[in-house]
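Student: Quick one: the structure is below, questions incoming.
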Amino acid sequence: QQSFANEQTEELRNIIAEQQQTLTELERRLDETEQRLEATADAVEESDADNSAVTIGGYGELHYNNLKDNDSGSSKKEIDFHRFVLFFGTEFTSKTRFFSEFELEHSLAGDGKNGEVELEQAYVEHDISDTVSGKVGLFLIPVGLLNETHEPPTFYGVERNPVEKNILPTTWWEAGAGLSYAPAGGWAIDTAIHSGLDISSKGSYKPRDGRQKVSEAAAEDLAFTGRVKYTGINGLELAATYQYQQDITQGGMLADGSVVDTASANMLSAHAVYQLNQFTLKALYAQWNIDGAEAQALGRDKQDGFYIEPSYRINDAFGVFARYNVWDNNAGDNNDTEVKQTNVGVSYYLHENVVLKADYETQSGANDVDGFNLGFGYYF
Amino acid sequence: QQSFANEQTEELRNIIAEQQQTLTELERRLDETEQRLEATADAVEESDADNSAVTIGGYGELHYNNLKDNDSGSSKKEIDFHRFVLFFGTEFTSKTRFFSEFELEHSLAGDGKNGEVELEQAYVEHDISDTVSGKVGLFLIPVGLLNETHEPPTFYGVERNPVEKNILPTTWWEAGAGLSYAPAGGWAIDTAIHSGLDISSKGSYKPRDGRQKVSEAAAEDLAFTGRVKYTGINGLELAATYQYQQDITQGGMLADGSVVDTASANMLSAHAVYQLNQFTLKALYAQWNIDGAEAQALGRDKQDGFYIEPSYRINDAFGVFARYNVWDNNAGDNNDTEVKQTNVGVSYYLHENVVLKADYETQSGANDVDGFNLGFGYYF
Amino acid sequence: QQSFANEQTEELRNIIAEQQQTLTELERRLDETEQRLEATADAVEESDADNSAVTIGGYGELHYNNLKDNDSGSSKKEIDFHRFVLFFGTEFTSKTRFFSEFELEHSLAGDGKNGEVELEQAYVEHDISDTVSGKVGLFLIPVGLLNETHEPPTFYGVERNPVEKNILPTTWWEAGAGLSYAPAGGWAIDTAIHSGLDISSKGSYKPRDGRQKVSEAAAEDLAFTGRVKYTGINGLELAATYQYQQDITQGGMLADGSVVDTASANMLSAHAVYQLNQFTLKALYAQWNIDGAEAQALGRDKQDGFYIEPSYRINDAFGVFARYNVWDNNAGDNNDTEVKQTNVGVSYYLHENVVLKADYETQSGANDVDGFNLGFGYYF
């Protein structure tokens with residue numbers, strides 16, 4: 001019995017010794033695994049430090065226009081890589097980030113060339129609290145539907161709508177400082193003090209001609225912009241922007257040195273987007289009121305326009321739209337200077353970020369044009 | 001004996017208790033390791049999602065030319081960072097991708113400056129099947145040896161060869177749509193319909209002057225290109241490209257408004273590359289036939305050229321070459337307008353993607369020039 | 001007793017069996033963990049191969065100037081995104097690397113626009129040994145405090161100092177080849193042979209006007225630069241640069257074809273930086289001696305300047321400085337052409353790489369200007 005007990009103990013001893021070997025082996029393997037994991041995690045961290053700090057993206061759009069001016073009889077058949085854009089951004093901290101947009105227009109820039117290279121965004125944004133953030137630098141004015149979001153797959157039609165081009169004037173950026181407040185409930189308020197327009201270089205009093213693009217820009221007088229946006233109801237977006245320009249002649253001196261009116265200006269724009277399943281309706285109104293006798297003499301003391309755009313996204317691949325635009329850069333005079341433009345077309349999405357577009361266009365009122373446009377765009 | 005058995009059992013009990021401690025400790029460590037690994041794997045995935053979508057590369061070349069024109073007695077000693085190029089690309093899906101090439105020429109672009117900023121490629125390519133792919137956007141014309149592949153370490157000689165510059169005219173890009181078919185056996189067929197040349201801006205009828213670079217390009221008339229390439233035999237590449245231009249005056253109107261011939265044009269080019277161990281032989285021929293009385297009057301109804309280039313790659317670091325070029329942009333007249341150019345030189349590869357080049361150059365025929373060129377190039 | 005021993009053995013047997021289960025389970029889990037770790041490490045490696053090859057960064061600065069010229073009574077109120085810069089680099093091997101700097105000045109470049117696109121750096125550097133490295137390409141001249149390091153958070157004041165702008169002339173890049181030697185003990189020697197200045201385009205004999213920016217640059221005559229730098233004492237940096245230009249008229253011919261003096265030139269610059277806790281003192285001197293009767297007639301045979309800048313970094317967020325600058329581009333004549341400029345200001349660091357700046361400026365001597373500057377800058 002003693003020997004039996006001994007045998008049993010011996011057997012257990014052997015089992016325990018084997019287990020001990022297994023344990024030692026497991027400990028060794030786990031040591032190795034932990035070391036390996038440590039090294040891998042370090043590599044990930046290092047790789048992240050190298051790379052994830054800088055984010056890069058871009059978009060582009062190629063346009064073909066085939067339009068006939070029925071007044072003059074001339075026609076425009078043109079192909080143009082209108083915009084090639086790169087984004088560069090980084091996160092300094094989780095609360096502080098940089099974003100920039102660098103653009104080549106018309107595919108070619110240089111002495112005697114059609115295009116130009118532009119810096120359209122370059123600002124640092126800082127979260128002051130959960131609901132308040134500030135920014136400083138060169139940024140897009142918070143107005144309209146296209147000015148801040150204009151990647152080709154996000155809008156219908158080959159060309160951007162003429163109201164946001166000729167009245168607002170998109171793409172519109174200035175340099176300064178902004179403060180944004182987004183309390184709960186779908187409200188968002190954006191304000192900014194920034195460089196102003198300067199129509200004195202061309203003397204036309206058209207807002208689009210006044211863009212200085214923060215390139216050695218005259219800064220005698222500044223401007224203020226405020227926007228209220230509401231997205232608290234599912235499928236609905238409402239927004240209104242007000243802007244005050246102290247003096248859009250930047251001190252009352254034209255490029256040739258002649259003295260002109262100082263001219264303060266007020267801009268008001270509002271838009272609505274309503275989406276119900278595949279159906280979307282967009283509408284936008286914009287107007288300028290410009291002071292001074294010269295603006296009045298040109299009929300440019302008032303300039304305004306609107307458009308309305310119903311669209312239907314048939315499926316992932318196809319969407320159709322119609323857009324009716326009316327605008328007038330001489331709304332302040334009694335002449336018939338209003339232009340009406342209608343576009344009807346289709347978008348084909350090869351991928352959610354790659355789009356081919358076609359639309360039919362007709363202009364009436366002060367213009368008499370018709371034809372069609374083809375487009376290709378991408379976004380990454 | 002009983003106490004002996006008890007002692008033994010007690011001893012085993014102690015061992016087992018120790019093992020139990022070790023086991024518990026191992027379990028705890030493994031729990032931790034698993035959690036840590038989970039976090040690390042998530043970080044890798046996130047990092048990949050952030051970064052690997054966008055690929056970036058580029059190339060550049062710095063040239064020094066020391067050439068003497070023996071006719072005029074004048075000499076050119078010049079240093080120029082001829083090309084600084086960046087590539088930006090992304091994969092939308094495994095079948096759909098974007099690629100672009102952005103270039104600064106001559107190191108400086110702006111009003112009154114020598115250089116320009118160019119978009120040379122920006123297209124989306126989509127694999128329709130295993131053998132068929134399509135593309136749309138702005139892309140390089142599939143012709144010759146340099147037009148699609150021109151990173152400095154991939155060719156011999158500081159400057160690109162004059163035949164592909166003056167006849168083809170490389171670098172040559174247009175906007176449109178293409179279809180490629182690559183069945184088995186080393187065959188590849190590339191076709192494209194795209195924007196055409198427009199010589200009306202300069203009226204010279206030289207192909208190089210007709211490049212519109214997709215910058216608000218006149219598109220009265222389009223062009224078609226087709227290439228057949230065969231690489232089915234090891235070390236051998238054969239290719240031929242045909243192009244038809246509907247009208248290289250884009251509607252028969254010069255820049256000054258005067259009416260000219262409409263002029264359709266045909267381009268034919270073929271090349272061969274044969275590589276046997278360190279020895280490579282390249283040969284290329286290209287010609288244009290241009291319709292219309294005006295082209296004929298200028299002797300530019302026919303323009304052609306060829307070159308032949310034997311080279312020998314001594315080792316990883318050194319390669320030597322000779323290139324004999326003949327071309328004539330006025331092959332249609334009876335004057336002695338043909339130019340012959342010979343280059344003999346060496347490339348030193350500091351790295352497979354970093355090259356220093358030197359070559360001796362002599363021109364005869366319509367020109368009488370000799371001298372040498374030094375170059376530095378990189379590719380990443 | 002026997003049964004007691006059996007009971008005890010049975011109990012141990014059960015414990016051991018349980019432990020065995022735990023062991024088997026641990027082994028299984030460890031197997032899985034090892035496999036998972038293997039896969040994760042592979043993913044990290046692949047991700048690194050994809051991404052870490054190319055590094056991207058950049059900096060930018062937005063300036064507002066409000067300066068009054070008390071002589072003419074005119075004032076300048078201007079806002080300008082002066083510099084938007086992107087860096088692209090890669091490592092070919094651990095010893096061979098590429099670096100480049102691409103810049104858009106004044107936010108807008110094209111025909112009739114204020115700004116320009118510039119390539120400021122594009123070179124390959126190769127470590128020949130632990131202490132010797134060479135480079136070839138387009139690089140910054142090793143001189144002064146700002147020329148090689150000019151990211152906005154690294155210097156005080158909205159605008160760069162006028163001495164390094166008007167005398168040195170920063171930012172100053174040329175193309176050529178360089179050799180650097182950094183033995184132990186804090187010594188570093190940098191030498192380069194490179195393209196030279198060409199004042200013949202403007203005929204002003206001012207160094208800043210002679211920058212050809214490696215854009216089809218006249219290279220009749222080259223230049224040599226050598227710098228010795230010592231940083232062997234903690235907190236102290238001493239450096240001196242000498243440059244010899246063979247002929248800053250590049251062959252004695254002005255842009256209009258008229259023949260001028262050939263004019264060799266010597267540049268000498270030295271600077272010191274001393275940092276003690278939060279206090280830093282910087283001082284720099286630079287001078288040119290230019291040969292030839294024409295330079296002498298213009299009083300530009302000698303041009304020189306210096307500045308001294310004490311600063312105090314109050315904490316992570318704030319720093320204050322004063323800078324006193326004196327320079328004279330006509331030091332060779334007897335007229336009172338020297339300008340004195342004093343700047344006093346503050347920098348606020350939102351983040352170590354994001355800075356807001358303000359400074360008061362006054363110029364006396366040949367100029368009579370005062371006013372203030374505001375700035376925003378970032379670096380990533």
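By convention here, the chains of the structure tokens are called A, B, ... in the order presented, each chain's residues are numbered starting at 1, and ligands are numbered starting at 1 in the order presented.
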Which polymer residues have any atom within 8 Å of an atom of region 273-284 of chain C, counting only C-alpha atoms, with same-chain residues fewer than 3 positions away left out, as a tab-separated table (two decimals) with C-alpha atoms, in the first residue's frame?

Tutor:
```
chain	number	residue	atom	x	y	z
C	144	GLY	CA	22.48	83.93	-41.90
C	145	LEU	CA	19.78	83.02	-39.43
C	235	GLY	CA	23.29	77.84	-25.58
C	236	LEU	CA	25.74	79.45	-28.00
C	237	GLU	CA	25.85	79.39	-31.82
C	238	LEU	CA	28.53	81.18	-33.84
C	269	SER	CA	28.28	87.41	-43.06
C	270	ALA	CA	28.56	86.40	-39.42
C	306	PHE	CA	23.51	94.42	-39.10
C	307	TYR	CA	20.83	93.75	-36.55
C	308	ILE	CA	20.65	92.86	-32.89
C	309	GLU	CA	17.63	91.21	-31.32
C	310	PRO	CA	17.10	90.52	-27.63
C	311	SER	CA	14.01	88.44	-26.81
C	312	TYR	CA	12.40	86.89	-23.78
C	313	ARG	CA	10.13	83.85	-23.79
C	314	ILE	CA	7.81	84.55	-20.87
```

Student: Just need the residues of chain A within 6 Å of chain B, counting only C-alpha atoms, so spit them out as an MDAnalysis selection string.

Tutor: chainID A and resid 41 77:81 106:111

Student: Neighbouring residues of Thr342 (chain B) were defined as those with any atom within 6 Å, considering only C-alpha atoms; residues of the same chain fewer than 4 positions away were excluded. Please report them as a PyMOL selection string.

Tutor: chain B and resi 323-324+361-362

Student: Those selected residues, please, written with all heavy atoms and delivered as a short mmCIF file (atom, residue, chain, number, x, y, z; two decimals), in the first residue's frame.

Tutor:
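Now in result15.cif:
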```
data_model
loop_
_atom_site.label_atom_id
_atom_site.label_comp_id
_atom_site.auth_asym_id
_atom_site.auth_seq_id
_atom_site.Cartn_x
_atom_site.Cartn_y
_atom_site.Cartn_z
N ARG B 323 23.02 58.45 -79.25
CA ARG B 323 21.71 58.60 -79.90
C ARG B 323 21.88 59.46 -81.13
O ARG B 323 22.46 60.54 -81.07
CB ARG B 323 20.70 59.22 -78.94
CG ARG B 323 19.27 59.23 -79.53
CD ARG B 323 18.22 59.58 -78.47
NE ARG B 323 18.52 60.80 -77.80
CZ ARG B 323 18.49 60.98 -76.48
NH1 ARG B 323 18.14 59.99 -75.68
NH2 ARG B 323 18.79 62.15 -75.95
N TYR B 324 21.37 58.96 -82.23
CA TYR B 324 21.42 59.68 -83.49
C TYR B 324 19.99 60.03 -83.90
O TYR B 324 19.15 59.15 -84.05
CB TYR B 324 22.09 58.82 -84.56
CG TYR B 324 22.17 59.48 -85.92
CD1 TYR B 324 22.95 60.61 -86.13
CD2 TYR B 324 21.44 58.97 -87.00
CE1 TYR B 324 23.01 61.21 -87.36
CE2 TYR B 324 21.50 59.57 -88.24
CZ TYR B 324 22.29 60.70 -88.43
OH TYR B 324 22.35 61.30 -89.66
N GLU B 361 26.95 66.89 -77.27
CA GLU B 361 25.90 67.06 -78.28
C GLU B 361 26.45 67.80 -79.49
O GLU B 361 27.18 68.78 -79.35
CB GLU B 361 24.75 67.86 -77.67
CG GLU B 361 23.63 68.19 -78.64
CD GLU B 361 22.43 68.84 -77.96
OE1 GLU B 361 22.17 68.53 -76.77
OE2 GLU B 361 21.78 69.67 -78.59
N THR B 362 26.07 67.35 -80.66
CA THR B 362 26.43 68.07 -81.88
C THR B 362 25.25 68.05 -82.84
O THR B 362 24.59 67.02 -82.99
CB THR B 362 27.70 67.49 -82.52
OG1 THR B 362 27.95 68.16 -83.76
CG2 THR B 362 27.56 66.01 -82.82
#
```

Student: Pairing the C-alpha atoms in order and superposing chain B on chain C, what is the resulting RMSD?

Tutor: 1.4 Å

Student: Measure the distance from CA of Glu159 (chain A) to CA of Ala239 (chain A) in Å and round it to one decimal.

Tutor: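 Computing the Euclidean distance for CA of Glu159 (chain A) and CA of Ala239 (chain A) yields 23.0 Å.
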
Student: Considering only strand (DSSP E) as DSSP defines it on the backbone, what residues of region 29-87 of chain A qualify? List them as a list of chain:residue names.

Tutor: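 Going through region 29-87 of chain A, the strand (DSSP E) residues come out as A:Val54, A:Thr55, A:Ile56, A:Gly57, A:Gly58, A:Tyr59, A:Gly60, A:Glu61, A:Leu62, A:His63, A:Tyr64, A:Asn65, A:Asn66, A:Leu67, A:Lys68, A:Asp69, A:Ser75, A:Lys76, A:Lys77, A:Glu78, A:Ile79, A:Asp80, A:Phe81, A:His82, A:Arg83, A:Phe84, A:Val85, A:Leu86, A:Phe87.
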
Student: Which one is closest to Ile141 (chain A): A:Tyr242, A:Tyr205, A:Phe155, A:Phe84? Count only C-alpha atoms.

Tutor: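 For Ile141 (chain A), the nearest of the given residues is A:Tyr242.
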
Student: Take CA of Gln35 (chain B) and CA of Gln35 (chain A) and report the distance between them in Å, one decimal.

Tutor: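 Those two atoms sit 14.7 Å apart.
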
Student: May I ask for the distance between CA of Asp304 (chain B) and CA of Ser258 (chain B), given in Å to one decimal place?

Tutor: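 Value for the CA of Asp304 (chain B)-CA of Ser258 (chain B) distance: 28.1 Å.
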
Student: Write out as a PyMOL selection string the residues lying within 9 Å of Glu294 (chain B), counting only C-alpha atoms and excluding same-chain residues fewer than 4 positions away.

Tutor: chain B and resi 205+260-261+263+298-301

Student: Please produce a file of the residues just selected, as a PDB file, in the first residue's frame, where the atoms kept are N, CA, C and O atoms.

Tutor:
```pdb
ATOM      1  N   TYR B 205       1.673  75.825 -87.887  1.00  0.00           N
ATOM      2  CA  TYR B 205       1.474  74.441 -88.337  1.00  0.00           C
ATOM      3  C   TYR B 205       2.498  73.459 -87.753  1.00  0.00           C
ATOM      4  O   TYR B 205       2.657  72.371 -88.262  1.00  0.00           O
ATOM      5  N   VAL B 260      -8.726  80.648 -92.229  1.00  0.00           N
ATOM      6  CA  VAL B 260      -7.704  79.817 -92.863  1.00  0.00           C
ATOM      7  C   VAL B 260      -8.327  78.498 -93.292  1.00  0.00           C
ATOM      8  O   VAL B 260      -9.496  78.242 -93.045  1.00  0.00           O
ATOM      9  N   ASP B 261      -7.507  77.712 -93.936  1.00  0.00           N
ATOM     10  CA  ASP B 261      -7.912  76.354 -94.276  1.00  0.00           C
ATOM     11  C   ASP B 261      -8.357  75.596 -93.034  1.00  0.00           C
ATOM     12  O   ASP B 261      -7.744  75.734 -91.980  1.00  0.00           O
ATOM     13  N   ALA B 263      -7.908  71.998 -91.697  1.00  0.00           N
ATOM     14  CA  ALA B 263      -6.788  71.119 -92.037  1.00  0.00           C
ATOM     15  C   ALA B 263      -6.827  69.862 -91.175  1.00  0.00           C
ATOM     16  O   ALA B 263      -6.449  69.893 -90.003  1.00  0.00           O
ATOM     17  N   LEU B 298       3.749  76.299 -96.508  1.00  0.00           N
ATOM     18  CA  LEU B 298       4.813  76.409 -95.505  1.00  0.00           C
ATOM     19  C   LEU B 298       5.770  75.223 -95.545  1.00  0.00           C
ATOM     20  O   LEU B 298       6.766  75.197 -94.811  1.00  0.00           O
ATOM     21  N   GLY B 299       5.460  74.244 -96.379  1.00  0.00           N
ATOM     22  CA  GLY B 299       6.265  73.021 -96.384  1.00  0.00           C
ATOM     23  C   GLY B 299       6.035  72.164 -95.151  1.00  0.00           C
ATOM     24  O   GLY B 299       6.812  71.269 -94.838  1.00  0.00           O
ATOM     25  N   ARG B 300       4.950  72.446 -94.453  1.00  0.00           N
ATOM     26  CA  ARG B 300       4.671  71.706 -93.215  1.00  0.00           C
ATOM     27  C   ARG B 300       3.553  70.685 -93.416  1.00  0.00           C
ATOM     28  O   ARG B 300       3.002  70.172 -92.437  1.00  0.00           O
ATOM     29  N   ASP B 301       3.216  70.407 -94.649  1.00  0.00           N
ATOM     30  CA  ASP B 301       2.233  69.343 -94.896  1.00  0.00           C
ATOM     31  C   ASP B 301       2.816  67.982 -94.543  1.00  0.00           C
ATOM     32  O   ASP B 301       2.097  67.047 -94.233  1.00  0.00           O
TER      33      ASP B 301
END
```

Student: Rank nothing, just name the residue among B:Arg28, B:Arg13, B:Arg83, B:Lys340 nearest to His150 (chain B), using only C-alpha atoms.

Tutor: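 For His150 (chain B), the nearest of the candidates is B:Arg83.
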
Student: Need the shell around Gly157 (chain B): protein/DNA/RNA residues with any atom at most 10 Å away, counting only C-alpha atoms. Skip same-chain ones fewer than 3 positions apart. Format as a list in words?

Tutor: Pro152, Pro153, Arg160, Asn161, Val320, Phe321, Ala322, Arg323, Asn343, Val344, Gly345, Val346, Ser347, Leu356, Lys357, Ala358, Asp359, Tyr360, Glu361, Asn373, Leu374 and Gly375 of chain B
